[in-house]
Structures are given as structure tokens and as C-alpha cells.
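**Q** Below you'll find query.pdb; it's PDB, C-alpha atoms, pLDDT in the B column.
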ATOM      1  CA  GLY A  25      48.897 -17.502  63.491  1.00 66.00           C
ATOM      2  CA  LYS A  26      46.829 -20.622  63.502  1.00 72.00           C
ATOM      3  CA  ALA A  27      45.137 -21.816  60.307  1.00 75.00           C
ATOM      4  CA  ALA A  28      41.388 -22.002  60.663  1.00 76.00           C
ATOM      5  CA  VAL A  29      40.036 -25.515  60.141  1.00 77.00           C
ATOM      6  CA  MET A  30      36.700 -25.381  58.438  1.00 73.00           C
ATOM      7  CA  PRO A  31      34.528 -28.425  57.904  1.00 75.00           C
ATOM      8  CA  LEU A  32      33.908 -29.223  54.258  1.00 76.00           C
ATOM      9  CA  LYS A  33      30.176 -28.812  53.790  1.00 83.00           C
ATOM     10  CA  GLY A  34      28.467 -31.423  51.647  1.00 87.00           C
ATOM     11  CA  LEU A  35      31.258 -34.037  51.991  1.00 87.00           C
ATOM     12  CA  LYS A  36      28.786 -36.659  53.232  1.00 88.00           C
ATOM     13  CA  GLY A  37      26.689 -36.130  50.107  1.00 89.00           C
ATOM     14  CA  VAL A  38      29.726 -36.443  47.833  1.00 88.00           C
ATOM     15  CA  LYS A  39      30.842 -39.660  49.544  1.00 90.00           C
ATOM     16  CA  LEU A  40      27.310 -41.073  49.290  1.00 91.00           C
ATOM     17  CA  ALA A  41      27.128 -40.187  45.572  1.00 90.00           C
ATOM     18  CA  ILE A  42      30.485 -41.930  44.938  1.00 91.00           C
ATOM     19  CA  ASP A  43      29.322 -45.037  46.835  1.00 90.00           C
ATOM     20  CA  GLN A  44      26.079 -45.101  44.836  1.00 93.00           C
ATOM     21  CA  LEU A  45      27.995 -44.763  41.534  1.00 93.00           C
ATOM     22  CA  GLU A  46      30.237 -47.665  42.474  1.00 93.00           C
ATOM     23  CA  GLN A  47      27.247 -49.797  43.558  1.00 94.00           C
ATOM     24  CA  SER A  48      25.451 -48.987  40.318  1.00 95.00           C
ATOM     25  CA  ALA A  49      28.528 -49.891  38.210  1.00 96.00           C
ATOM     26  CA  ASN A  50      28.924 -53.153  40.156  1.00 97.00           C
ATOM     27  CA  ASP A  51      25.242 -54.070  39.667  1.00 97.00           C
ATOM     28  CA  ASN A  52      25.385 -53.257  35.942  1.00 97.00           C
ATOM     29  CA  VAL A  53      28.528 -55.357  35.353  1.00 97.00           C
ATOM     30  CA  ARG A  54      27.073 -58.192  37.447  1.00 98.00           C
ATOM     31  CA  GLY A  55      23.930 -58.085  35.294  1.00 98.00           C
ATOM     32  CA  VAL A  56      25.995 -58.392  32.096  1.00 98.00           C
ATOM     33  CA  TYR A  57      27.874 -61.345  33.631  1.00 98.00           C
ATOM     34  CA  LEU A  58      24.682 -63.163  34.653  1.00 98.00           C
ATOM     35  CA  ALA A  59      22.990 -62.684  31.265  1.00 98.00           C
ATOM     36  CA  GLY A  60      26.149 -63.685  29.378  1.00 98.00           C
ATOM     37  CA  LEU A  61      26.739 -66.837  31.424  1.00 98.00           C
ATOM     38  CA  LYS A  62      23.099 -67.852  30.936  1.00 97.00           C
ATOM     39  CA  ASN A  63      23.616 -67.506  27.159  1.00 97.00           C
ATOM     40  CA  ILE A  64      26.837 -69.564  27.312  1.00 98.00           C
ATOM     41  CA  VAL A  65      24.993 -72.379  29.134  1.00 97.00           C
ATOM     42  CA  GLN A  66      21.955 -72.306  26.850  1.00 96.00           C
ATOM     43  CA  GLU A  67      24.062 -72.183  23.664  1.00 96.00           C
ATOM     44  CA  THR A  68      26.340 -75.075  24.688  1.00 97.00           C
ATOM     45  CA  PRO A  69      25.687 -77.789  22.063  1.00 95.00           C
ATOM     46  CA  ALA A  70      23.775 -80.618  23.745  1.00 93.00           C
ATOM     47  CA  ASP A  71      23.402 -84.288  22.942  1.00 91.00           C
ATOM     48  CA  THR A  72      22.782 -85.734  26.415  1.00 91.00           C
ATOM     49  CA  GLY A  73      23.171 -82.320  28.071  1.00 95.00           C
ATOM     50  CA  ARG A  74      26.301 -83.293  29.995  1.00 96.00           C
ATOM     51  CA  ALA A  75      28.468 -80.490  28.529  1.00 97.00           C
ATOM     52  CA  ARG A  76      25.657 -77.997  29.068  1.00 97.00           C
ATOM     53  CA  ASN A  77      25.423 -79.039  32.726  1.00 97.00           C
ATOM     54  CA  ASN A  78      29.190 -78.880  33.421  1.00 97.00           C
ATOM     55  CA  TRP A  79      29.800 -75.143  33.833  1.00 98.00           C
ATOM     56  CA  PHE A  80      31.140 -74.171  37.280  1.00 98.00           C
ATOM     57  CA  LEU A  81      31.396 -70.654  38.692  1.00 98.00           C
ATOM     58  CA  SER A  82      34.328 -69.838  40.965  1.00 97.00           C
ATOM     59  CA  VAL A  83      36.110 -66.746  42.262  1.00 97.00           C
ATOM     60  CA  THR A  84      39.919 -66.243  42.293  1.00 95.00           C
ATOM     61  CA  ALA A  85      40.846 -69.502  40.482  1.00 97.00           C
ATOM     62  CA  PRO A  86      39.197 -71.750  37.857  1.00 97.00           C
ATOM     63  CA  SER A  87      37.206 -74.721  39.144  1.00 97.00           C
ATOM     64  CA  ASN A  88      38.520 -78.228  38.443  1.00 97.00           C
ATOM     65  CA  LYS A  89      35.097 -79.877  38.956  1.00 97.00           C
ATOM     66  CA  THR A  90      33.050 -82.009  36.584  1.00 97.00           C
ATOM     67  CA  THR A  91      29.713 -83.725  37.050  1.00 96.00           C
ATOM     68  CA  THR A  92      28.222 -86.810  35.442  1.00 95.00           C
ATOM     69  CA  SER A  93      24.814 -85.165  35.750  1.00 95.00           C
ATOM     70  CA  ALA A  94      23.243 -84.403  32.377  1.00 94.00           C
ATOM     71  CA  SER A  95      20.583 -81.776  31.788  1.00 93.00           C
ATOM     72  CA  ILE A  96      19.418 -80.570  28.384  1.00 94.00           C
ATOM     73  CA  GLY A  97      18.236 -77.388  30.135  1.00 94.00           C
ATOM     74  CA  GLY A  98      21.604 -76.932  31.880  1.00 95.00           C
ATOM     75  CA  GLY A  99      19.921 -76.485  35.273  1.00 95.00           C
ATOM     76  CA  GLY A 100      23.054 -77.304  37.278  1.00 95.00           C
ATOM     77  CA  SER A 101      25.104 -74.765  35.336  1.00 96.00           C
ATOM     78  CA  LEU A 102      22.426 -72.087  35.620  1.00 96.00           C
ATOM     79  CA  SER A 103      22.367 -72.563  39.403  1.00 95.00           C
ATOM     80  CA  GLN A 104      26.190 -72.235  39.353  1.00 95.00           C
ATOM     81  CA  ALA A 105      25.877 -68.878  37.544  1.00 95.00           C
ATOM     82  CA  SER A 106      23.402 -67.714  40.185  1.00 93.00           C
ATOM     83  CA  LYS A 107      26.202 -68.121  42.779  1.00 94.00           C
ATOM     84  CA  MET A 108      27.711 -64.934  41.337  1.00 97.00           C
ATOM     85  CA  PRO A 109      29.006 -62.841  44.250  1.00 97.00           C
ATOM     86  CA  LYS A 110      27.126 -59.621  45.046  1.00 97.00           C
ATOM     87  CA  ARG A 111      30.384 -57.665  44.541  1.00 97.00           C
ATOM     88  CA  VAL A 112      32.087 -58.405  41.225  1.00 97.00           C
ATOM     89  CA  LEU A 113      34.229 -55.304  40.652  1.00 96.00           C
ATOM     90  CA  GLY A 114      37.901 -56.064  41.275  1.00 95.00           C
ATOM     91  CA  LYS A 115      37.311 -59.843  41.471  1.00 97.00           C
ATOM     92  CA  LYS A 116      38.469 -62.571  39.117  1.00 97.00           C
ATOM     93  CA  ILE A 117      35.428 -64.660  38.268  1.00 97.00           C
ATOM     94  CA  PHE A 118      35.736 -67.911  36.333  1.00 97.00           C
ATOM     95  CA  PHE A 119      33.097 -69.947  34.508  1.00 97.00           C
ATOM     96  CA  THR A 120      34.806 -73.225  33.702  1.00 98.00           C
ATOM     97  CA  ASN A 121      33.812 -76.344  31.783  1.00 98.00           C
ATOM     98  CA  ASN A 122      36.355 -79.143  32.306  1.00 97.00           C
ATOM     99  CA  LEU A 123      34.873 -81.825  30.055  1.00 97.00           C
ATOM    100  CA  PRO A 124      37.565 -82.935  27.598  1.00 95.00           C
ATOM    101  CA  TYR A 125      35.430 -82.304  24.504  1.00 94.00           C
ATOM    102  CA  THR A 126      34.354 -78.752  25.396  1.00 95.00           C
ATOM    103  CA  GLY A 127      37.383 -77.433  23.508  1.00 95.00           C
ATOM    104  CA  VAL A 128      36.308 -79.344  20.396  1.00 95.00           C
ATOM    105  CA  LEU A 129      32.807 -77.851  20.681  1.00 95.00           C
ATOM    106  CA  GLU A 130      34.272 -74.314  20.917  1.00 96.00           C
ATOM    107  CA  TYR A 131      37.271 -74.539  18.560  1.00 95.00           C
ATOM    108  CA  GLY A 132      36.178 -77.297  16.186  1.00 94.00           C
ATOM    109  CA  GLY A 133      37.909 -80.616  15.594  1.00 92.00           C
ATOM    110  CA  PHE A 134      35.126 -82.989  14.685  1.00 91.00           C
ATOM    111  CA  PRO A 135      36.060 -85.095  11.621  1.00 92.00           C
ATOM    112  CA  LYS A 136      35.931 -83.323   8.242  1.00 91.00           C
ATOM    113  CA  PRO A 137      34.204 -84.672   6.256  1.00 92.00           C
ATOM    114  CA  VAL A 138      31.919 -86.729   8.487  1.00 93.00           C
ATOM    115  CA  LYS A 139      31.941 -90.302   7.205  1.00 93.00           C
ATOM    116  CA  LYS A 140      29.082 -91.974   9.050  1.00 94.00           C
ATOM    117  CA  GLY A 141      27.945 -89.672  11.839  1.00 93.00           C
ATOM    118  CA  SER A 142      26.814 -90.490  15.351  1.00 92.00           C
ATOM    119  CA  TYR A 143      24.660 -93.501  16.179  1.00 93.00           C
ATOM    120  CA  ILE A 144      21.278 -92.321  17.469  1.00 91.00           C
ATOM    121  CA  LYS A 145      19.702 -94.883  19.823  1.00 90.00           C
ATOM    122  CA  ARG A 146      16.152 -93.536  19.382  1.00 90.00           C
ATOM    123  CA  SER A 147      16.099 -93.967  15.602  1.00 94.00           C
ATOM    124  CA  GLY A 148      18.654 -96.787  15.328  1.00 95.00           C
ATOM    125  CA  GLU A 149      20.365 -94.804  12.558  1.00 95.00           C
ATOM    126  CA  TYR A 150      23.483 -92.690  12.081  1.00 95.00           C
ATOM    127  CA  GLU A 151      23.165 -88.913  11.879  1.00 94.00           C
ATOM    128  CA  LYS A 152      25.747 -86.291  10.938  1.00 94.00           C
ATOM    129  CA  LEU A 153      25.781 -83.891  13.893  1.00 93.00           C
ATOM    130  CA  SER A 154      28.784 -81.840  12.785  1.00 93.00           C
ATOM    131  CA  GLU A 155      29.848 -79.958   9.681  1.00 91.00           C
ATOM    132  CA  ASN A 156      33.250 -78.462   8.816  1.00 91.00           C
ATOM    133  CA  GLY A 157      34.548 -79.640  12.210  1.00 92.00           C
ATOM    134  CA  TYR A 158      31.875 -77.867  14.304  1.00 92.00           C
ATOM    135  CA  SER A 159      28.626 -78.981  15.906  1.00 93.00           C
ATOM    136  CA  LYS A 160      25.669 -78.186  13.624  1.00 93.00           C
ATOM    137  CA  GLN A 161      23.919 -76.747  16.707  1.00 93.00           C
ATOM    138  CA  LEU A 162      26.231 -73.734  16.452  1.00 92.00           C
ATOM    139  CA  LYS A 163      24.535 -72.863  13.122  1.00 87.00           C
ATOM    140  CA  GLY A 164      27.780 -72.165  11.276  1.00 81.00           C
ATOM    141  CA  ALA A 165      29.256 -70.065  14.107  1.00 84.00           C
ATOM    142  CA  LYS A 166      32.809 -70.888  15.085  1.00 84.00           C
ATOM    143  CA  GLY A 167      32.365 -71.415  18.809  1.00 91.00           C
ATOM    144  CA  TRP A 168      29.877 -69.737  21.105  1.00 96.00           C
ATOM    145  CA  VAL A 169      31.867 -68.904  24.252  1.00 97.00           C
ATOM    146  CA  ARG A 170      34.136 -66.370  22.496  1.00 96.00           C
ATOM    147  CA  ILE A 171      31.119 -64.827  20.722  1.00 96.00           C
ATOM    148  CA  ASN A 172      29.329 -64.348  24.063  1.00 97.00           C
ATOM    149  CA  LEU A 173      32.453 -62.948  25.748  1.00 97.00           C
ATOM    150  CA  LYS A 174      32.770 -60.361  22.951  1.00 97.00           C
ATOM    151  CA  ARG A 175      29.092 -59.424  23.405  1.00 97.00           C
ATOM    152  CA  MET A 176      29.612 -59.076  27.155  1.00 98.00           C
ATOM    153  CA  GLN A 177      32.733 -56.948  26.658  1.00 97.00           C
ATOM    154  CA  SER A 178      30.847 -54.673  24.263  1.00 98.00           C
ATOM    155  CA  LYS A 179      27.942 -54.253  26.745  1.00 97.00           C
ATOM    156  CA  ILE A 180      30.344 -53.436  29.586  1.00 96.00           C
ATOM    157  CA  LYS A 181      32.107 -50.800  27.456  1.00 96.00           C
ATOM    158  CA  LYS A 182      28.722 -49.126  26.835  1.00 95.00           C
ATOM    159  CA  LEU A 183      27.843 -48.928  30.548  1.00 93.00           C
TER     160      LEU A 183
END
For the file at hand, write its structure as C-alpha cells.
**A**
Amino acid sequence: GKAAVMPLKGLKGVKLAIDQLEQSANDNVRGVYLAGLKNIVQETPADTGRARNNWFLSVTAPSNKTTTSASIGGGGSLSQASKMPKRVLGKKIFFTNNLPYTGVLEYGGFPKPVKKGSYIKRSGEYEKLSENGYSKQLKGAKGWVRINLKRMQSKIKKL
């Protein structure tokens, strides 16, 4: 005999629910990314603001760009972060800063101890802007990118 083929009732609803779950997960992860990248930009130690303004968002491969544009507010970098694709799940997303001293800001490497400090044009005096090899703007933290990535990872695990 022939097997009876019966339509599966409610399949449309199940497929819709799965699509909505995936969309919700994507939006939640994207939200964590956007908030985390904003923190990375805003916490980048700034003298002229050049490092803060040199973050570039790219998909698939890291960017090799730099800009001479300086912005204490990091406006250029924040607009880069806003270029986050609508779909992030399953994509490799990079937020890259190619300035040669970004590694020193994150991992340390300023002179220990500081002998004279940096010359400040406004005051005409020298000021010690680093301590124990790190920018004083990091308030004793060792780097800020890794700290923010750990925060982002923790938030994603809780989703």
C-alpha cells in the first residue's frame, strides 16, 4: 500500500519562531558589540585624540587604514562602529587600530621610571603622563581593550 502523506500542522509557526529566535540572538549580540566598541573608543587614552580616532571596523579581514584626523571625542571611530552590519552572527568582525603606539597603550612600554615626562605646549612644562609603563588615563588598569573584550564575552555568555 501507499503511505499517506500528511501535512505537518503548525510547521509555519515553528519556522517563524526559529527565525525570530535567530533574529533576536543576532540583535542582542550586535548590541553587545556596539556598546563594547563605543567603550573601547571612549577609553582609548587621548593626548591629541589621534589614537582614539583611529579605530576602523571591517568584516572578514582586519583593516590596514590609519587617519591623521584627531578627535578627543573619537567621532571618526564611533562612526566606524556604527557601520556594524545588520547581521553579525557567523561573521568575522574586526575593530582595528593600526597606529604604531596603540600596542604600547594597551600592553605598556612607556619608560619606567619616567625621567622628565612629556612637554605640554599649553603650560610650557613637562608632565608625567605615564606610570609603571602605562598611560595614567587607564587609572592603573593594564590595558583597556582586553578588559572590554572580557566584558563583552561575559555579556554574550549571559544572553
**Q** I'd like the neighbourhood of Val53 (chain A) as a PDB file with C-alpha atoms, in the coordinates of the input, where a residue qualifies if any of its atoms comes within 8 Å (using only C-alpha atoms), though same-chain residues fewer than 5 positions away should be ignored.
**A**
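result-v1.pdb, written as the output of this step:
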ATOM      1  CA  VAL A 112      32.087 -58.405  41.225  1.00 97.00           C
ATOM      2  CA  LEU A 113      34.229 -55.304  40.652  1.00 96.00           C
ATOM      3  CA  ILE A 180      30.344 -53.436  29.586  1.00 96.00           C
TER       4      ILE A 180
END
**Q** With a distance cut-off of 7 Å and only C-alpha atoms, select the neighbouring residues of Gly141 (chain A), excluding the residue or stretch itself and same-chain residues fewer than 3 positions from it, and output the selection as a ChimeraX atom specification.
**A** /A:138,150-153
**Q** Write out as a list in words the residues lying within 9 Å of Thr90 (chain A), counting all atoms listed in the file and excluding same-chain residues fewer than 4 positions away.
**A**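 The filter keeps Asn78, Trp79, Phe80, Asn121, Asn122 and Leu123 of chain A.
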**Q** What is the CA of Val65 (chain A)-CA of Gln161 (chain A) distance in Å, reported with one decimal?
**A**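 CA of Gln161 (chain A) lies 13.2 Å from CA of Val65 (chain A).
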**Q** Which residues are near Val128 (chain A)? Cut-off 10 Å, all atoms listed in the file, ignore same chain within fewer than 4 positions. Put them as a list in words.
**A**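 Neighbouring residues, sequence-local ones excluded: Pro124, Gly132, Gly133, Phe134, Gly157, Tyr158, Ser159 and Gly167 of chain A.
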**Q** For C-alpha atoms, I'd like the residues from the last selection saved as a PDB file, keeping the file's coordinate frame.
**A**
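Contents of selection14.pdb, as written:
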ATOM      1  CA  PRO A 124      37.565 -82.935  27.598  1.00 95.00           C
ATOM      2  CA  GLY A 132      36.178 -77.297  16.186  1.00 94.00           C
ATOM      3  CA  GLY A 133      37.909 -80.616  15.594  1.00 92.00           C
ATOM      4  CA  PHE A 134      35.126 -82.989  14.685  1.00 91.00           C
ATOM      5  CA  GLY A 157      34.548 -79.640  12.210  1.00 92.00           C
ATOM      6  CA  TYR A 158      31.875 -77.867  14.304  1.00 92.00           C
ATOM      7  CA  SER A 159      28.626 -78.981  15.906  1.00 93.00           C
ATOM      8  CA  GLY A 167      32.365 -71.415  18.809  1.00 91.00           C
TER       9      GLY A 167
END
**Q** By how many Å are CA of Arg111 (chain A) and CA of Ala75 (chain A) apart?
**A**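 Distance reported for this atom pair: 27.9 Å.
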**Q** Quick check, in Å to one decimal: how far apart do CA of Leu32 (chain A) and CA of Glu46 (chain A) lie?
**A**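 According to the coordinates, CA of Leu32 (chain A) and CA of Glu46 (chain A) are separated by 22.2 Å.
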**Q** Any chance you could work out the residue set of the PyMOL selection byres ((chain A and resi 64) around 9) here, as a list of chain:residue names?
**A** A:Ala59, A:Gly60, A:Leu61, A:Lys62, A:Asn63, A:Val65, A:Gln66, A:Glu67, A:Thr68, A:Arg76, A:Trp168, A:Val169, A:Asn172, A:Leu173
